[in-house]
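Raw contents of coords_26.cif, mmCIF, C-alpha atoms:
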```cif
data_run
loop_
_atom_site.label_atom_id
_atom_site.label_comp_id
_atom_site.auth_asym_id
_atom_site.auth_seq_id
_atom_site.Cartn_x
_atom_site.Cartn_y
_atom_site.Cartn_z
CA MET A 661 -3.80 51.82 -53.49
CA THR A 662 -2.07 55.23 -53.14
CA LYS A 663 0.88 55.67 -55.46
CA LYS A 664 4.18 55.83 -53.60
CA ILE A 665 6.24 59.00 -53.87
CA PRO A 666 9.72 58.32 -55.29
CA VAL A 667 12.78 59.48 -53.34
CA THR A 668 16.38 60.17 -54.36
CA VAL A 669 19.02 60.49 -51.63
CA LEU A 670 22.23 62.44 -52.25
CA SER A 671 25.18 61.32 -50.11
CA GLY A 672 28.83 62.30 -50.23
CA PHE A 673 31.58 63.73 -48.08
CA LEU A 674 31.84 67.44 -47.32
CA GLY A 675 32.82 69.50 -50.33
CA ALA A 676 31.94 66.81 -52.87
CA GLY A 677 29.36 69.06 -54.54
CA LYS A 678 26.01 67.71 -53.32
CA THR A 679 24.41 71.16 -53.03
CA THR A 680 25.65 72.17 -56.49
CA LEU A 681 24.11 68.99 -57.88
CA LEU A 682 20.88 69.64 -55.96
CA ASN A 683 20.68 73.16 -57.39
CA HIS A 684 21.25 71.79 -60.89
CA LEU A 685 18.45 69.25 -60.40
CA MET A 686 16.08 71.95 -59.19
CA GLU A 687 16.84 74.09 -62.24
CA ASN A 688 16.04 71.14 -64.48
CA GLN A 689 13.19 69.40 -62.70
CA HIS A 690 11.14 68.38 -65.74
CA GLY A 691 7.98 69.98 -64.36
CA LEU A 692 8.02 67.87 -61.18
CA LYS A 693 6.76 69.25 -57.88
CA ILE A 694 9.75 68.37 -55.72
CA ALA A 695 10.03 68.52 -51.94
CA ILE A 696 13.56 68.92 -50.59
CA ILE A 697 15.05 67.78 -47.29
CA VAL A 698 18.45 69.32 -46.60
CA ASN A 699 20.46 67.98 -43.67
CA ASP A 700 23.49 69.93 -42.45
CA MET A 701 25.56 69.41 -39.31
CA SER A 702 25.93 73.11 -38.48
CA GLU A 703 23.57 75.15 -36.31
CA VAL A 704 22.85 77.37 -39.33
CA ASN A 705 21.91 75.26 -42.32
CA VAL A 706 24.41 76.52 -44.88
CA ASP A 707 23.30 74.10 -47.60
CA ALA A 708 19.65 75.11 -47.27
CA LYS A 709 20.70 78.77 -47.47
CA LEU A 710 22.61 78.08 -50.69
CA VAL A 711 19.60 76.34 -52.21
CA LYS A 712 17.34 79.26 -51.28
CA GLU A 713 19.75 81.87 -52.57
CA GLY A 714 19.89 79.96 -55.82
CA GLY A 715 16.20 80.80 -56.20
CA PHE A 716 15.02 77.21 -56.38
CA VAL A 717 12.49 77.18 -53.56
CA ARG A 718 9.26 78.44 -55.05
CA THR A 719 5.62 78.01 -54.11
CA GLU A 720 5.38 74.60 -55.74
CA GLU A 721 8.29 73.26 -53.71
CA ASN A 722 8.59 72.42 -50.05
CA MET A 723 11.87 72.38 -48.19
CA VAL A 724 12.55 70.90 -44.76
CA GLU A 725 15.77 72.05 -43.10
CA MET A 726 17.32 69.66 -40.57
CA THR A 727 20.22 71.12 -38.63
CA ASN A 728 22.66 70.32 -35.83
CA GLY A 729 22.60 66.59 -36.35
CA CYS A 730 22.82 63.79 -38.86
CA ILE A 731 19.84 62.01 -40.44
CA CYS A 732 21.63 58.66 -40.24
CA CYS A 733 21.67 58.79 -36.43
CA THR A 734 20.66 61.70 -34.18
CA LEU A 735 18.03 63.09 -36.56
CA ARG A 736 16.76 59.85 -38.03
CA GLU A 737 13.51 59.99 -36.07
CA ASP A 738 12.97 63.58 -37.25
CA LEU A 739 13.53 62.45 -40.84
CA VAL A 740 10.81 59.81 -40.56
CA VAL A 741 8.35 62.28 -39.01
CA GLU A 742 9.02 65.00 -41.61
CA LEU A 743 8.67 62.55 -44.47
CA GLU A 744 5.28 61.43 -43.19
CA LYS A 745 4.18 65.08 -43.23
CA LEU A 746 5.42 65.52 -46.80
CA ALA A 747 3.41 62.49 -47.91
CA ASN A 748 0.23 64.47 -47.26
CA LEU A 749 1.25 67.27 -49.64
CA ASP A 750 0.71 67.53 -53.38
CA ILE A 751 4.23 66.54 -54.47
CA ASP A 752 5.67 64.31 -57.18
CA TYR A 753 9.13 63.64 -55.77
CA VAL A 754 11.37 63.98 -52.71
CA LEU A 755 15.05 64.89 -52.89
CA ILE A 756 17.12 64.37 -49.73
CA GLU A 757 20.57 65.91 -49.39
CA SER A 758 22.12 64.15 -46.42
CA SER A 759 24.94 65.70 -44.42
CA GLY A 760 28.53 65.11 -45.46
CA VAL A 761 29.03 62.73 -42.54
CA SER A 762 25.88 60.65 -43.07
CA GLU A 763 26.13 56.95 -43.76
CA PRO A 764 23.65 55.96 -46.48
CA ILE A 765 22.57 52.58 -45.10
CA PRO A 766 20.66 53.87 -42.02
CA VAL A 767 18.93 56.46 -44.22
CA ALA A 768 17.88 53.74 -46.68
CA GLN A 769 16.69 51.53 -43.84
CA SER A 770 14.24 54.24 -42.81
CA PHE A 771 12.34 53.52 -46.04
CA VAL A 772 12.48 49.74 -45.71
CA TYR A 773 11.60 48.97 -42.10
CA HIS A 774 8.49 49.93 -40.17
CA ASP A 775 9.35 52.24 -37.26
CA GLU A 776 7.49 50.50 -34.43
CA GLU A 777 8.26 53.23 -31.91
CA LEU A 778 6.81 56.02 -34.07
CA GLY A 779 4.17 53.84 -35.68
CA ILE A 780 5.22 55.07 -39.12
CA ASP A 781 5.84 52.83 -42.13
CA LEU A 782 7.51 54.91 -44.83
CA ASN A 783 7.51 51.89 -47.14
CA THR A 784 3.77 52.37 -47.67
CA LEU A 785 4.20 56.04 -48.58
CA PHE A 786 7.51 56.29 -50.45
CA GLN A 787 9.60 54.34 -52.92
CA LEU A 788 13.35 54.72 -52.51
CA ASP A 789 14.22 55.29 -56.16
CA THR A 790 17.94 56.12 -56.30
CA MET A 791 20.85 56.28 -53.85
CA VAL A 792 23.40 58.74 -55.21
CA THR A 793 26.90 59.29 -53.85
CA VAL A 794 28.81 62.36 -55.00
CA VAL A 795 32.61 61.91 -55.00
CA ASN A 796 35.03 64.83 -55.01
CA GLY A 797 37.47 63.81 -57.73
CA GLN A 798 39.91 66.58 -56.83
CA GLN A 799 40.06 65.73 -53.11
CA PHE A 800 39.45 61.97 -53.20
CA TRP A 801 42.98 60.61 -52.84
CA GLN A 802 43.90 63.10 -50.11
CA ASP A 803 40.89 62.11 -48.01
CA TYR A 804 41.29 58.44 -48.85
CA GLN A 805 44.85 58.36 -47.56
CA SER A 806 44.07 60.47 -44.50
CA GLU A 807 44.43 58.98 -41.03
CA ASP A 808 42.02 61.57 -39.60
CA LEU A 809 38.95 60.61 -37.65
CA LEU A 810 35.80 62.72 -37.98
CA ILE A 811 36.45 64.01 -34.46
CA ASP A 812 39.89 65.29 -35.58
CA ARG A 813 38.14 67.62 -38.02
CA GLN A 814 35.34 68.51 -35.60
CA LEU A 815 32.86 66.63 -37.78
CA HIS A 816 31.77 64.00 -35.24
CA VAL A 817 28.07 63.65 -34.44
CA SER A 818 28.67 62.58 -30.83
CA ASP A 819 31.51 62.23 -28.33
CA ASP A 820 31.76 58.50 -29.03
CA ASP A 821 31.87 58.91 -32.84
CA GLU A 822 35.15 57.17 -33.70
CA ARG A 823 34.64 56.85 -37.44
CA GLY A 824 37.55 57.52 -39.77
CA ILE A 825 37.21 59.81 -42.80
CA VAL A 826 38.12 57.00 -45.18
CA ASP A 827 35.66 54.57 -43.55
CA LEU A 828 32.86 57.04 -44.24
CA LEU A 829 34.01 57.52 -47.85
CA ILE A 830 33.93 53.76 -48.40
CA ASP A 831 30.47 53.38 -46.82
CA GLN A 832 29.11 56.08 -49.11
CA ILE A 833 30.70 54.59 -52.24
CA GLU A 834 29.87 50.93 -51.62
CA PHE A 835 26.18 51.56 -50.90
CA ALA A 836 25.06 53.50 -53.96
CA ASN A 837 23.54 52.65 -57.29
CA VAL A 838 24.71 55.91 -58.89
CA ILE A 839 28.11 57.53 -58.24
CA VAL A 840 28.62 61.07 -59.50
CA LEU A 841 32.36 61.62 -59.94
CA ASN A 842 32.45 65.39 -59.62
CA LYS A 843 35.09 68.07 -60.27
CA ILE A 844 36.79 66.18 -63.08
CA ASP A 845 37.72 69.54 -64.64
CA LYS A 846 40.48 69.62 -62.00
CA LEU A 847 41.91 66.27 -63.16
CA SER A 848 43.74 64.92 -66.19
CA ASP A 849 42.05 62.32 -68.39
CA SER A 850 44.28 59.57 -66.99
CA GLU A 851 43.48 60.59 -63.40
CA VAL A 852 39.77 60.50 -64.16
CA THR A 853 40.10 57.08 -65.78
CA LYS A 854 42.07 55.64 -62.87
CA LEU A 855 39.61 56.98 -60.30
CA LYS A 856 36.62 55.79 -62.31
CA ASN A 857 38.10 52.31 -62.52
CA LEU A 858 38.78 52.22 -58.79
CA LEU A 859 35.17 53.20 -58.09
CA THR A 860 34.06 50.42 -60.44
CA LYS A 861 36.11 47.92 -58.44
CA LEU A 862 34.73 49.19 -55.13
CA ASN A 863 31.13 49.08 -56.39
CA PRO A 864 30.76 47.12 -59.65
CA GLU A 865 26.97 47.58 -59.80
CA ALA A 866 26.91 51.38 -59.56
CA LYS A 867 26.52 53.60 -62.60
CA ILE A 868 29.42 56.07 -62.58
CA ILE A 869 28.88 59.54 -64.05
CA PRO A 870 31.98 61.76 -64.44
CA THR A 871 31.08 65.46 -64.43
CA SER A 872 31.97 68.97 -63.33
CA PHE A 873 29.83 71.37 -61.29
CA GLY A 874 27.21 68.63 -60.79
CA LYS A 875 25.95 69.03 -64.35
CA ILE A 876 24.25 65.76 -65.25
CA ASP A 877 21.04 64.73 -66.94
CA PRO A 878 18.49 64.79 -64.06
CA LEU A 879 16.94 61.58 -65.35
CA GLN A 880 20.17 59.79 -64.45
CA VAL A 881 19.27 60.22 -60.76
CA LEU A 882 15.49 60.84 -60.82
CA HIS A 883 12.91 58.18 -61.67
CA THR A 884 15.59 55.59 -62.38
CA LYS A 885 13.68 52.86 -60.48
CA GLN A 886 17.08 51.22 -59.99
CA PHE A 887 17.53 51.03 -56.22
CA ASN A 888 17.10 47.68 -54.51
CA PHE A 889 18.07 47.43 -50.83
CA GLU A 890 19.12 43.77 -50.89
CA GLU A 891 21.19 44.20 -54.05
CA ALA A 892 22.85 47.34 -52.68
CA SER A 893 23.70 45.49 -49.46
CA GLN A 894 25.56 42.88 -51.53
CA GLY A 895 26.91 45.26 -54.16
CA ALA A 896 30.36 46.02 -52.77
CA GLY A 897 33.20 44.73 -54.89
CA TRP A 898 34.78 42.73 -52.07
CA ILE A 899 31.50 40.84 -51.45
CA LYS A 900 31.17 39.99 -55.13
CA GLU A 901 34.74 38.74 -55.24
CA LEU A 902 34.14 36.47 -52.24
CA ASN A 903 30.98 35.16 -53.93
CA GLU A 904 33.06 34.51 -57.04
CA GLU A 905 30.91 36.84 -59.13
CA HIS A 906 32.53 38.44 -62.15
CA THR A 907 33.61 42.03 -61.67
CA PRO A 908 35.03 44.15 -64.50
CA GLU A 909 38.80 44.02 -64.83
CA THR A 910 40.67 47.27 -65.33
CA GLU A 911 44.22 45.96 -65.58
CA GLU A 912 44.99 48.45 -68.35
CA TYR A 913 44.97 51.22 -65.74
CA GLY A 914 46.63 49.22 -62.99
CA ILE A 915 43.47 48.71 -60.89
CA SER A 916 42.82 45.05 -60.16
CA SER A 917 41.63 42.66 -57.47
CA LEU A 918 42.99 39.57 -55.81
CA VAL A 919 41.26 36.95 -53.65
CA TYR A 920 43.39 35.01 -51.17
CA ARG A 921 41.96 31.76 -49.76
CA SER A 922 43.48 29.22 -47.41
CA ARG A 923 42.26 26.30 -45.31
CA LYS A 924 45.31 26.65 -43.06
CA PRO A 925 45.43 29.11 -40.15
CA PHE A 926 47.76 32.09 -39.89
CA HIS A 927 50.66 32.17 -37.46
CA PRO A 928 49.75 35.20 -35.28
CA GLU A 929 53.25 36.69 -35.09
CA ARG A 930 53.99 36.35 -38.79
CA PHE A 931 50.56 37.65 -39.76
CA TYR A 932 51.05 40.58 -37.39
CA GLN A 933 54.36 41.38 -39.08
CA TRP A 934 52.68 41.15 -42.48
CA LEU A 935 50.02 43.66 -41.41
CA GLU A 936 52.71 45.95 -40.02
CA ASN A 937 54.39 45.93 -43.46
CA TRP A 938 51.18 46.38 -45.43
CA PRO A 939 51.83 46.51 -49.20
CA SER A 940 51.37 50.14 -50.23
CA GLU A 941 49.75 49.20 -53.53
CA ILE A 942 46.71 47.72 -51.73
CA ILE A 943 43.99 50.39 -51.63
CA ARG A 944 41.08 48.39 -50.21
CA ALA A 945 40.89 45.03 -48.45
CA LYS A 946 38.20 43.15 -46.62
CA GLY A 947 37.44 39.60 -45.60
CA PHE A 948 37.69 36.91 -42.95
CA PHE A 949 40.76 35.25 -41.50
CA TRP A 950 41.63 32.29 -39.28
CA LEU A 951 44.25 32.54 -36.55
CA VAL A 952 45.63 29.35 -35.05
CA THR A 953 45.45 30.93 -31.57
CA ARG A 954 41.76 31.78 -31.99
CA ASN A 955 40.15 28.62 -33.29
CA ASP A 956 36.70 29.52 -32.00
CA MET A 957 36.36 33.01 -33.43
CA ALA A 958 36.54 34.24 -37.03
CA GLY A 959 38.46 37.45 -37.61
CA LEU A 960 37.27 40.25 -39.87
CA LEU A 961 39.84 42.51 -41.54
CA SER A 962 38.77 45.79 -43.11
CA GLN A 963 41.23 48.24 -44.67
CA ALA A 964 40.68 51.38 -46.68
CA GLY A 965 43.49 53.80 -47.38
CA SER A 966 45.49 54.28 -44.19
CA MET A 967 42.78 52.90 -41.87
CA MET A 968 42.58 49.29 -40.77
CA THR A 969 40.39 47.45 -38.27
CA LEU A 970 40.53 43.90 -36.97
CA GLU A 971 37.51 42.54 -35.11
CA GLY A 972 35.64 39.36 -34.34
CA ALA A 973 33.10 38.16 -36.89
CA GLY A 974 31.35 35.50 -34.82
CA ARG A 975 32.16 31.91 -33.94
CA TRP A 976 33.22 29.35 -36.50
CA LEU A 977 30.53 26.69 -36.84
CA ALA A 978 33.27 24.09 -36.30
CA SER A 979 33.59 25.34 -32.72
CA TYR A 980 30.01 24.28 -31.91
CA SER A 981 29.15 20.85 -30.52
CA GLU A 982 27.97 18.15 -32.95
CA GLU A 983 24.46 18.47 -31.58
CA GLU A 984 24.44 22.24 -32.13
CA GLN A 985 25.83 21.78 -35.63
CA GLU A 986 23.05 19.35 -36.51
CA GLU A 987 20.44 21.83 -35.31
CA LEU A 988 22.00 24.61 -37.37
CA LYS A 989 22.23 22.35 -40.42
CA ALA A 990 18.53 21.53 -40.14
CA GLN A 991 17.72 25.25 -40.00
CA ASP A 992 20.02 26.33 -42.84
CA PRO A 993 21.88 23.62 -44.81
CA ALA A 994 23.63 26.30 -46.91
CA LEU A 995 25.82 27.16 -43.91
CA PHE A 996 27.63 23.87 -44.36
CA GLU A 997 28.05 23.88 -48.15
CA ASN A 998 31.79 24.65 -47.97
CA TRP A 999 32.51 22.32 -45.07
CA ASP A 1000 35.96 20.75 -44.93
CA GLU A 1001 36.51 17.45 -43.13
CA GLN A 1002 39.56 18.73 -41.28
CA SER A 1003 38.96 22.45 -40.77
CA GLY A 1004 35.17 22.62 -40.92
CA ASP A 1005 34.19 26.14 -41.96
CA ARG A 1006 37.44 27.64 -40.70
CA MET A 1007 39.31 29.37 -43.52
CA THR A 1008 40.80 32.65 -44.66
CA GLU A 1009 39.12 34.60 -47.47
CA LEU A 1010 40.57 38.04 -48.11
CA VAL A 1011 39.87 40.36 -51.03
CA PHE A 1012 42.45 42.94 -52.07
CA ILE A 1013 41.84 45.82 -54.49
CA GLY A 1014 44.88 47.79 -55.49
CA SER A 1015 46.91 49.67 -58.04
CA ASN A 1016 49.67 47.78 -59.86
CA MET A 1017 49.64 45.01 -57.27
CA GLU A 1018 52.38 42.40 -57.33
CA LYS A 1019 49.84 39.60 -56.99
CA GLU A 1020 52.23 36.67 -56.86
CA ALA A 1021 54.40 38.40 -54.26
CA ILE A 1022 51.35 39.16 -52.10
CA MET A 1023 50.14 35.55 -52.34
CA ASN A 1024 53.59 34.17 -51.48
CA SER A 1025 54.02 36.53 -48.54
CA LEU A 1026 50.63 35.50 -47.12
CA ASN A 1027 51.43 31.82 -47.64
CA ALA A 1028 54.58 32.41 -45.59
CA CYS A 1029 52.33 33.49 -42.70
CA LEU A 1030 50.56 30.12 -42.54
CA VAL A 1031 51.26 27.72 -39.70
CA THR A 1032 53.45 24.74 -40.62
CA GLU A 1033 52.67 21.17 -39.57
CA GLU A 1034 55.71 21.19 -37.26
CA GLU A 1035 54.52 24.40 -35.57
CA LYS A 1036 51.07 22.92 -35.15
CA GLU A 1037 52.51 19.93 -33.31
CA ASN A 1038 54.59 22.11 -30.98
CA ASN A 1039 51.54 24.32 -30.37
CA SER A 1040 53.58 27.16 -28.88
CA PHE A 1041 52.43 30.53 -30.14
CA LYS A 1042 52.57 34.14 -29.02
CA ASP A 1043 49.67 36.29 -30.18
CA PRO A 1044 50.51 40.01 -30.50
CA LEU A 1045 47.32 40.90 -32.40
CA PRO A 1046 44.69 43.01 -30.60
CA SER A 1047 41.81 41.18 -28.95
CA PHE A 1048 38.65 40.81 -30.98
CA VAL A 1049 35.92 43.14 -29.79
#
```
Before we go any further, please render this structure as structure tokens.
Amino acid sequence: MTKKIPVTVLSGFLGAGKTTLLNHLMENQHGLKIAIIVNDMSEVNVDAKLVKEGGFVRTEENMVEMTNGCICCTLREDLVVELEKLANLDIDYVLIESSGVSEPIPVAQSFVYHDEELGIDLNTLFQLDTMVTVVNGQQFWQDYQSEDLLIDRQLHVSDDDERGIVDLLIDQIEFANVIVLNKIDKLSDSEVTKLKNLLTKLNPEAKIIPTSFGKIDPLQVLHTKQFNFEEASQGAGWIKELNEEHTPETEEYGISSLVYRSRKPFHPERFYQWLENWPSEIIRAKGFFWLVTRNDMAGLLSQAGSMMTLEGAGRWLASYSEEEQEELKAQDPALFENWDEQSGDRMTELVFIGSNMEKEAIMNSLNACLVTEEEKENNSFKDPLPSFV
């Protein structure tokens, strides 16, 4: 059996310092023959030019430049094809620097799933070794609180790209097994500590490396053998909180989490008002909610910084017929483990991560949004919340 070539992927928003880190890794490559794939959104691949001008592309290295697109979407097919070509070369390792607007999950999926259309199975050729996200410590809070969409900064990959800056930041942070917190020389010790503890809450499983100028021990991101797709998919702090898994507490620095659960539905008008007066100390929130006016469909709330989305998350099992429920139970009994005699699987489960949160006040204010028994009997509700997509 041919030995698989290990791969490290560098993700991170524009200006985080991915190219600086890449250059540092190439200067300290421990004798490895490394192939590099550099993906940049511009017509001229600036990042690839920087790597070349740094003098790190020599005869024993191979570099593929991918421009005018993003390897998580428009150039994903090209990525798969180029990687297959690299597999035929005498190389020890592949380093991929994805564009600043790339989401890491689609890139990782390229190594996990067989591409039927191209007839290429990267999983037989490569081993995804480490998913690294580089975070710009100096710029983090400004971008995190921004209401800008990628299209507002001319960073969109297509006309229908409606992603927010903060949504992209969260995707990159929550799906990583190593987070390089860069540019800490621009921050005070307390600022570094607070940011490090927030990152720990957002992704409890990731190893966090504070640094400046991308200077880290290369073996912290090369040959770690730490990446696991299933674990990374379930690694986000909010998922672990919902699964009642222990996540490190950082109360000393004001960063903490709160899980709100209720078997009663929300009153749509009061819940709408609560969302309109969102507590400023909540930095990240995600989870499912039950509205009394939408008994068939679960709602999904996702908030990061100044961005919030509400959408449908599929039908509650309780809305299915008894016959359909029995069929589903036979297929997967675990779906009915938390079944309630009155509400079925309908419930609200929301995770909040914040700084100096007034937890009791948040819980009480959410409880005040629940429908009362008297209101339930009257069954007269107005629903100002946007329709679930």
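Of the listed residues (A:Gln805, A:Asn863, A:Asn1027, A:Thr790), A:Asn1027 comes nearest to A:Trp934; the distances count all atoms listed in the file.
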Margin query: I want to know what sits within 6 Å of A:Val952, based on all atoms listed in the file, with residues of the same chain fewer than 2 positions away left out; could you give that as a ChimeraX atom specification?
Written below: /A:925-926,954-955
All residues 8 Å or closer to A:Leu882, only C-alpha atoms, same chain fewer than 3 positions away omitted, as a list of chain:residue names:
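Those residues are A:Thr668, A:Asp789, A:Thr790, A:Pro878, A:Leu879.
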Min atom-atom distance to A:Leu858 from the set A:Ile1013, A:His684, A:Glu941, A:Leu902, counting only C-alpha atoms, belongs to A:Ile1013
- Task: Go through A:Thr969, A:Val741, A:Gln985, A:Asp1005 and flag the residue nearest A:Trp950, using all atoms listed in the file for the distances.
- Result: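 Checking each candidate against A:Trp950, we get A:Asp1005 as the closest.
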Tell me, as a list of chain:residue names, which residues lie within 6 Å of A:Lys664, counting only C-alpha atoms; anything in the same chain fewer than 4 positions away does not count. A:Leu785, A:Phe786, A:Gln787
